[in-house]
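Taking it in order: structure first as structure tokens, then the write-up.
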Number of protein chains: 6
Amino acid sequence: MKIHVIAPVTTAGLGAAPDVHTVDDCEVTHSTIATGPASIESEYEVALALPGTIAAALEAKAEGADAIVINCMCDPGLAALREALTIPVVGAGQASYHVASMLAHSFAVLVAEAREIPIYENNAKIYGLASKLRSVRSIDIPVLDLAADPDRVVDALYRESLAAIEGDRADALVLGCTGMQGCDVRLRARLDDAGYAGVPLVEPVSAAIALARAFVDLHLAHSKRTYPLPPAKAIVGFDIGGTRAPV
Amino acid sequence: MKIHVIAPVTTAGLGAAPDVHTVDDCEVTHSTIATGPASIESEYEVALALPGTIAAALEAKAEGADAIVINCMCDPGLAALREALTIPVVGAGQASYHVASMLAHSFAVLVAEAREIPIYENNAKIYGLASKLRSVRSIDIPVLDLAADPDRVVDALYRESLAAIEGDRADALVLGCTGMQGCDVRLRARLDDAGYAGVPLVEPVSAAIALARAFVDLHLAHSKRTYPLPPAKAIVGFDIGGTRAPV
Amino acid sequence: MKIHVIAPVTTAGLGAAPDVHTVDDCEVTHSTIATGPASIESEYEVALALPGTIAAALEAKAEGADAIVINCMCDPGLAALREALTIPVVGAGQASYHVASMLAHSFAVLVAEAREIPIYENNAKIYGLASKLRSVRSIDIPVLDLAADPDRVVDALYRESLAAIEGDRADALVLGCTGMQGCDVRLRARLDDAGYAGVPLVEPVSAAIALARAFVDLHLAHSKRTYPLPPAKAIVGFDIGGTRAPV
Amino acid sequence: MKIHVIAPVTTAGLGAAPDVHTVDDCEVTHSTIATGPASIESEYEVALALPGTIAAALEAKAEGADAIVINCMCDPGLAALREALTIPVVGAGQASYHVASMLAHSFAVLVAEAREIPIYENNAKIYGLASKLRSVRSIDIPVLDLAADPDRVVDALYRESLAAIEGDRADALVLGCTGMQGCDVRLRARLDDAGYAGVPLVEPVSAAIALARAFVDLHLAHSKRTYPLPPAKAIVGFDIGGTRAPV
Amino acid sequence: MKIHVIAPVTTAGLGAAPDVHTVDDCEVTHSTIATGPASIESEYEVALALPGTIAAALEAKAEGADAIVINCMCDPGLAALREALTIPVVGAGQASYHVASMLAHSFAVLVAEAREIPIYENNAKIYGLASKLRSVRSIDIPVLDLAADPDRVVDALYRESLAAIEGDRADALVLGCTGMQGCDVRLRARLDDAGYAGVPLVEPVSAAIALARAFVDLHLAHSKRTYPLPPAKAIVGFDIGGTRAPV
Amino acid sequence: MKIHVIAPVTTAGLGAAPDVHTVDDCEVTHSTIATGPASIESEYEVALALPGTIAAALEAKAEGADAIVINCMCDPGLAALREALTIPVVGAGQASYHVASMLAHSFAVLVAEAREIPIYENNAKIYGLASKLRSVRSIDIPVLDLAADPDRVVDALYRESLAAIEGDRADALVLGCTGMQGCDVRLRARLDDAGYAGVPLVEPVSAAIALARAFVDLHLAHSKRTYPLPPAKAIVGFDIGGTRAPV
């Protein structure tokens, strides 16, 4: 089984390193996109990431991927890719929201910047999980600065985790930026030490890969009633799909 | 006051003709986009319409527009443009949903194809109006075929209008594709003749222009807490905004 | 176009002064009611304001009004007047809630007294906007005292505005009493100075007038399926409408 | 214990006969109102029933009532009376919705005319029970005609009951007009004969009286935080309460 | 009329003493269960209380009870007993939630331990009352310790009551553990002294008995469409019902 | 990895055969329970299945299971087992609802009997997925009769599938009884032939096993804030856990 993970940004290394999640019977490959933003923390950047993400996904499919994972909590292009493809397409945001909802009465998401909160709350409404999402809490550190000072990031994540658990009554946590990967192990240790070992901490890319693998195992993919193939139609300026409908 | 209407498609003439909505104290100009799909009836096409729509909006702003209207019921790029701009940006979908909600206990939307229903229902959830939306009903005619046989379109709209009013208990109707413009007058007449003169029929582009004008009059624009200016950041492959944040 | 604004209270001058909102192509007239309370801050006062408000609206219609605005955030008589009339009837509450919902991810309302909070929250449920309303915050100053000490009112509004923005994550504000008119300019300046220029502040009477004008322009009025004409029927003790159905 | 039932209409005999509900330890008295409509089936009539209903309730309180029941499914004046009084005030609509919700997974209401449906659905939203209300079904017979042809009324109620149970999956029924009293026994028999003995049929006035009695027994009344005493204030044209606050 | 109250625990005296609620025309008897937990504060204990509760209810029915009350806020076995019986079965949780919802715009529940909060919130969702429930607040004292130090319990209840009223804007309170009986009188006095006489405090067992009595008076019981008789079927290990369906 | 599947019924062979789901790196074992009902289609049977299900789960844990799956769509004991255990416990109902929700805009569940509909709808509310569940449709065949006439079962499932897809606009289907296993392959083929190959059909036990495996892989289990260990306490009549808290 081959699962391909697309980081919908042009910054190499943002998100997972290529070899992190590969497991015995399942090859996990990674790529970034050729055109688009350096990182995503706005709807504007989501918009300009979409053509590159679609191109990367069609290419991965052509190279034999059995499933696609979008490595960004905003799930850019999730619906568009599901229309264009029949293999499972899984978003890190949708996957982690559902995993947290299955494991706990309520959950919170820890984001890089407050400006992303409306995007996350809107997605929870669309995914049907607004009643499970207690809060989206920001650590107020831009995505591209996350790697520079991991200590500060982990400190801030820990502070907001406590506020989410005790103040907002969130019973599970979602690491709300795929750029926070690596912090999950340290945050987990901090939470365990503080007596919160029983609070699940969902790392979204791992969760998305695990669900993609489950869907392939179950011979299930997204509904083509919800996500029908786009009609064959001229699309000026984009080679991807060109004047033909994609597959 | 200058309101600029962008049809986020490459097909000239789809949506309003340039001079339709111009009124005395308010100049209404129209454009299509340079890159993107011929028409929009999928999330895939929404995605590929976004860069062209952003470019067109930034250009309109540079040329002195006081407000922007997105002439498509899917409201492609509504959030992205609101981030990039401080002048009011109004989507035909959001505007018509709110107008119908203000005028009636419940409403229905009449769409070109059933494949669009999830998009419309998801937008109603985000706009907060899901409890007012009784149904989205399809006439099963592709957008690019709407112009070819207006009689068939009006017949189908009338049939679905009756089903929405009597079957779904929708007390107002929204013409759910900006490509149906022109049909509203004929559908209105059919509904009046059938005893449904009291059921509002909202034509979305007119509604969006009227609201844009109201916002300019009221010196109001969208919240920059919800839609903050995108951070200055490299965006590969798109001249629009370049490495600088837009305004 | 003639828009008539009814302040559903017997206190002359409460609400807008007669000439405030008149604009070139649109004549805006104002009146109070002959019977009813001096001001409205309870359901009891809403109840006793209704006969006078209905009488005033029927009279305004007879004198040629093209639309009616109810100048009170509780929207007293909104449904009753819409049943009795076919010209647009717009409530300051419903109009301002929708304007704020269109412009922001969430909003808060600033009211005179805490006792009004259930009324405002119930209206948000009926208008379908409960998911957008973050909070209703009180300045704890009775309506009839608002005019006496504007400095105190503006201070209190500013304090609750900050709490709504920072504490409740409201991204837009609605001035929740039409008796606060005039305070909006000063509150706007205070918010701008504090770095909240991007947070819309909706003044409800202006918003209602702008929407009434938009509805007249669009040839739209409320649904007569939701608000059918009341049946002809004896109504003891009220000349208004008498034994005949109103128009 | 004395419970006073107010039919908020001027038609003597509409609603319960004076002696119907009196039980051993609880005296149940009935009255109509002096000013207002002959019957209620619109928001307009609700509005004009309010002053008379308030006057009747204050009088009943002065004469020693321990609780007030509003004998109309629209619950006209429920909030206003609760503000004005500290003894329990129970609405036939609210009481019957809650009784049906406690007894079944879902319920339907059978109304006289379709024009009342928005009023009933809005009340369900305010009472918090919208998720339990499957449908409001109309028998299309005006309230004042209900007494003229009981056979036709019972036939229509039976027909809509079956549609509600089988079509809408309503597991309990509420007789949706207090003017339908007397029909409940015959409808109950028809449902029993048809195999629906297990479907509760709630007669709203009886349900409201039973709840009023329960509240008095429990020494409970409505919250004065939700329904605080109206402020002392001039109210022109109404003797009730006059310039003093009521009690 | 005979109402039988089952405390679904094996601890004699937990919940109401046998003679507390007996009133003139209505005999109220009490029992505990033969198998199950000493007290209930988890889903695990709810599960192991069910067989004993079913046995006790079937026995009470055989001995002539006209209605059954479950004396526990978790409402263990409410649906199972309603399937097995045709006489009214009332849960202390459901009854008190509905009473509070009828009397106030919003309410809060005061529980023994935070671990119960998800159970209470889930029940509010099922009962349809989630929008009325502002908060569930814990006094952090285990159920079996409640009797040991009533002063501490009342102090804690008072502290959380103030937080619920002022902080969460709850306009009514529900005593959230039937083991807190007796504290209601003292808490009521404390609230009255503090100026909160207008905030209803619902004691759940009394409320449930009053509603059970009302249902018997109204000749109403739960819907057998929602709660049909269980099919005749072998049930290994439980004499109750045995291989026959119960009645 | 060892996943243990408990069919919470006493009928051997109901649900999955022991060897169906075993895959290379994951051993899947199956058991039924010693005390309880022959099958589950009521809340009464759920109640009497719980002690046996708890005993079976504690035993499986003692024998080295890494995760537990409850093989019944009603998810009997899901919360109780999660309290008692720290290894992942997955219910077939919760798992299949979430899988369907992730893959489609909306879904429907196909159940054996209409009497189960309230149970399924209530679970959807608790799981937070009520807005995604379009309908629960019954084939009206008792669970224990499912095996007798597979042709009739598949015919009925196919008929209700079409009604769910075309009538209720469900974009994914869930096989709503674990006793329908084996029918999924034949139903899938029928749907494919009818042009509905794009509609996912979720077989719940497989889905639950796949998710259990994913949780173990991710080192995640349910939140112990939502599901804390039950307090040590006397539980009369049940050896399981005895007077000690389980682990």
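Chain identifiers are assigned as A, B, and so on, following the order in which chains appear in the structure tokens; residues are numbered from 1 within each chain, and ligands are numbered from 1 in order of appearance.
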Quick one: everything within 9 Å of Val153 (chain E), counting only C-alpha atoms, minus sequence neighbours fewer than 6 positions away in the same chain. Send it as a list in words. Ile139, Ile141, Leu146, Ala147, Met180 and Cys183 of chain E
With N, CA and C atoms retained, export the selected residues as an mmCIF file, in the first residue's frame.
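out-v9.cif, freshly written:
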```
data_model
loop_
_atom_site.group_PDB
_atom_site.id
_atom_site.type_symbol
_atom_site.label_atom_id
_atom_site.label_comp_id
_atom_site.auth_asym_id
_atom_site.auth_seq_id
_atom_site.Cartn_x
_atom_site.Cartn_y
_atom_site.Cartn_z
ATOM 1 N N ILE E 139 -19.292 20.036 42.842
ATOM 2 C CA ILE E 139 -18.828 20.444 44.173
ATOM 3 C C ILE E 139 -17.670 19.557 44.634
ATOM 4 N N ILE E 141 -17.362 16.459 45.754
ATOM 5 C CA ILE E 141 -17.533 15.631 46.959
ATOM 6 C C ILE E 141 -18.211 14.333 46.524
ATOM 7 N N LEU E 146 -21.533 12.686 50.926
ATOM 8 C CA LEU E 146 -22.417 13.859 51.023
ATOM 9 C C LEU E 146 -23.069 13.956 52.396
ATOM 10 N N ALA E 147 -23.445 12.800 52.961
ATOM 11 C CA ALA E 147 -24.170 12.821 54.230
ATOM 12 C C ALA E 147 -23.266 13.173 55.409
ATOM 13 N N MET E 180 -28.301 14.676 47.503
ATOM 14 C CA MET E 180 -28.206 16.008 48.123
ATOM 15 C C MET E 180 -29.519 16.425 48.788
ATOM 16 N N CYS E 183 -30.396 19.108 51.534
ATOM 17 C CA CYS E 183 -29.597 20.333 51.356
ATOM 18 C C CYS E 183 -30.392 21.422 50.652
#
```
Please tabulate, as a Markdown table, the residues of chain E that come within 12 Å of chain A, each with its closest pair of atoms and the distance in Å to one decimal, counting only C-alpha atoms and ordering rows by chain, then residue number upward.
```
| residue | atom | partner | partner_atom | distance |
| --- | --- | --- | --- | --- |
| E:Ala114 | CA | A:Arg169 | CA | 10.0 |
| E:Arg115 | CA | A:Asp171 | CA | 11.1 |
| E:Glu116 | CA | A:His105 | CA | 11.5 |
| E:Ile117 | CA | A:His105 | CA | 9.6 |
| E:Pro118 | CA | A:His105 | CA | 6.4 |
| E:Ile119 | CA | A:His105 | CA | 9.4 |
| E:Tyr120 | CA | A:His105 | CA | 11.4 |
| E:Glu121 | CA | A:His105 | CA | 9.3 |
| E:Asn122 | CA | A:His105 | CA | 8.8 |
| E:Lys125 | CA | A:Ser131 | CA | 10.2 |
| E:Ala130 | CA | A:Ser131 | CA | 10.1 |
| E:Ser131 | CA | A:Ser131 | CA | 11.0 |
| E:Ser135 | CA | A:Arg169 | CA | 10.9 |
| E:Val136 | CA | A:Arg169 | CA | 10.9 |
| E:Arg137 | CA | A:Arg169 | CA | 11.2 |
```
Quick one: everything within 12 Å of region 229-235 of chain F, counting only C-alpha atoms, minus sequence neighbours fewer than 5 positions away in the same chain. Send it as number ranges by chain. A: 198; E: 8-11, 33-49, 52, 113, 115-116, 142-144; F: 51, 79-86, 222-224, 240-247
Just checking: using only C-alpha atoms, which residue out of E:Leu133, E:Leu220, E:Ala210, E:Val5 ends up closest to Val174 (chain D)?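 Ranked by minimum distance to Val174 (chain D), first place goes to E:Leu220.
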Neighbouring residues of Ile68 (chain A) were defined as those with any atom within 10 Å, considering only C-alpha atoms; residues of the same chain fewer than 6 positions away were excluded. Please report them as a ChimeraX atom specification. /A:2-6,28-30,56-58,60-61,78,81-82,85,87-91,208-209,212-213
Take the residues that were just selected and, keeping N, CA and C atoms, output them as a compact mmCIF listing (two decimals), in the first residue's frame.
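Saved file part-v8.txt follows:
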```txt
# COMPACT_ATOMS: atom_id res chain seq x y z
N LYS A 2 0.54 2.20 -0.86
CA LYS A 2 1.30 3.44 -0.93
C LYS A 2 0.43 4.64 -0.56
N ILE A 3 0.82 5.34 0.46
CA ILE A 3 0.11 6.55 0.86
C ILE A 3 1.01 7.74 0.59
N HIS A 4 0.47 8.72 -0.14
CA HIS A 4 1.27 9.90 -0.44
C HIS A 4 0.76 11.10 0.34
N VAL A 5 1.71 11.77 1.03
CA VAL A 5 1.38 12.91 1.88
C VAL A 5 1.85 14.20 1.20
N ILE A 6 0.90 15.11 0.98
CA ILE A 6 1.25 16.38 0.33
C ILE A 6 1.22 17.50 1.37
N VAL A 28 4.95 5.24 2.91
CA VAL A 28 4.44 6.60 3.04
C VAL A 28 5.44 7.57 2.40
N THR A 29 5.02 8.22 1.33
CA THR A 29 5.90 9.18 0.67
C THR A 29 5.38 10.60 0.91
N HIS A 30 6.29 11.55 0.73
CA HIS A 30 5.96 12.95 1.04
C HIS A 30 6.38 13.86 -0.10
N ALA A 56 -0.12 18.30 -7.55
CA ALA A 56 0.66 17.30 -6.82
C ALA A 56 -0.14 16.03 -6.59
N ALA A 57 -1.41 16.16 -6.34
CA ALA A 57 -2.24 14.99 -6.06
C ALA A 57 -2.47 14.17 -7.32
N LEU A 58 -2.71 14.86 -8.44
CA LEU A 58 -2.91 14.12 -9.70
C LEU A 58 -1.63 13.38 -10.07
N ALA A 60 0.70 12.29 -7.93
CA ALA A 60 0.86 11.16 -7.01
C ALA A 60 -0.02 10.00 -7.42
N LYS A 61 -1.25 10.32 -7.83
CA LYS A 61 -2.15 9.26 -8.30
C LYS A 61 -1.56 8.57 -9.52
N LEU A 78 -9.41 19.66 0.03
CA LEU A 78 -9.97 18.34 0.36
C LEU A 78 -11.13 17.99 -0.57
N LEU A 81 -10.00 17.72 -4.42
CA LEU A 81 -9.27 16.48 -4.72
C LEU A 81 -10.19 15.27 -4.69
N ARG A 82 -11.13 15.26 -3.77
CA ARG A 82 -12.06 14.14 -3.71
C ARG A 82 -12.94 14.09 -4.96
N LEU A 85 -10.53 12.69 -7.77
CA LEU A 85 -9.95 11.35 -7.58
C LEU A 85 -10.98 10.38 -7.00
N ILE A 87 -9.48 7.49 -5.40
CA ILE A 87 -8.76 6.92 -4.24
C ILE A 87 -9.02 7.81 -3.03
N PRO A 88 -8.95 7.23 -1.82
CA PRO A 88 -9.23 8.03 -0.63
C PRO A 88 -8.32 9.25 -0.51
N VAL A 89 -8.91 10.40 -0.20
CA VAL A 89 -8.18 11.62 0.11
C VAL A 89 -8.55 12.00 1.54
N VAL A 90 -7.55 12.14 2.39
CA VAL A 90 -7.79 12.39 3.81
C VAL A 90 -7.11 13.70 4.20
N GLY A 91 -7.85 14.56 4.90
CA GLY A 91 -7.27 15.81 5.39
C GLY A 91 -6.84 15.67 6.83
N ALA A 208 -4.12 11.15 10.21
CA ALA A 208 -4.62 11.11 8.83
C ALA A 208 -4.05 9.91 8.08
N ILE A 209 -2.77 9.62 8.29
CA ILE A 209 -2.17 8.46 7.62
C ILE A 209 -2.84 7.17 8.11
N ALA A 212 -6.19 6.91 6.45
CA ALA A 212 -6.05 6.59 5.02
C ALA A 212 -5.80 5.10 4.86
N ARG A 213 -4.92 4.58 5.68
CA ARG A 213 -4.62 3.15 5.64
C ARG A 213 -5.87 2.34 5.95
```
Identify all residues of region 21-70 of chain A in strand (DSSP E or B) (DSSP on the backbone) and supply them as a ChimeraX atom specification. /A:23,26-31,36-37,67-70
List the spatial neighbours of Tyr158 (chain F) as an NGL selection string - criterion: any atom at most 7 Å away, only C-alpha atoms, same-chain residues fewer than 4 positions off excluded. :F and (154 or 162 or 187)
Just list the residues in region 24-242 of chain D DSSP gives helix (DSSP H, G or I) on the backbone, as a ChimeraX atom specification. /D:43-62,78-84,92-103,114-126,143-145,150-167,178-180,183-193,204-217
When you look at Cys72 (chain D) with a cut-off of 8 Å (counting only C-alpha atoms), what residues show up, excluding the ones that are within fewer than 3 positions of it in the same chain? I need them as a PyMOL selection string. chain D and resi 7-8+40+75-76+91-93+177-178
Nearest-residue call for Phe215 (chain C), choices C:Ala108, C:Ala170, C:Met1, C:Arg152, using only C-alpha atoms: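 Answer, going by the shortest atom-to-atom distance: C:Met1.
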Quick one: distance from CA of Val185 (chain B) to CA of Met102 (chain C) in Å, one decimal?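 Computed distance, CA of Val185 (chain B) to CA of Met102 (chain C), equals 26.8 Å.
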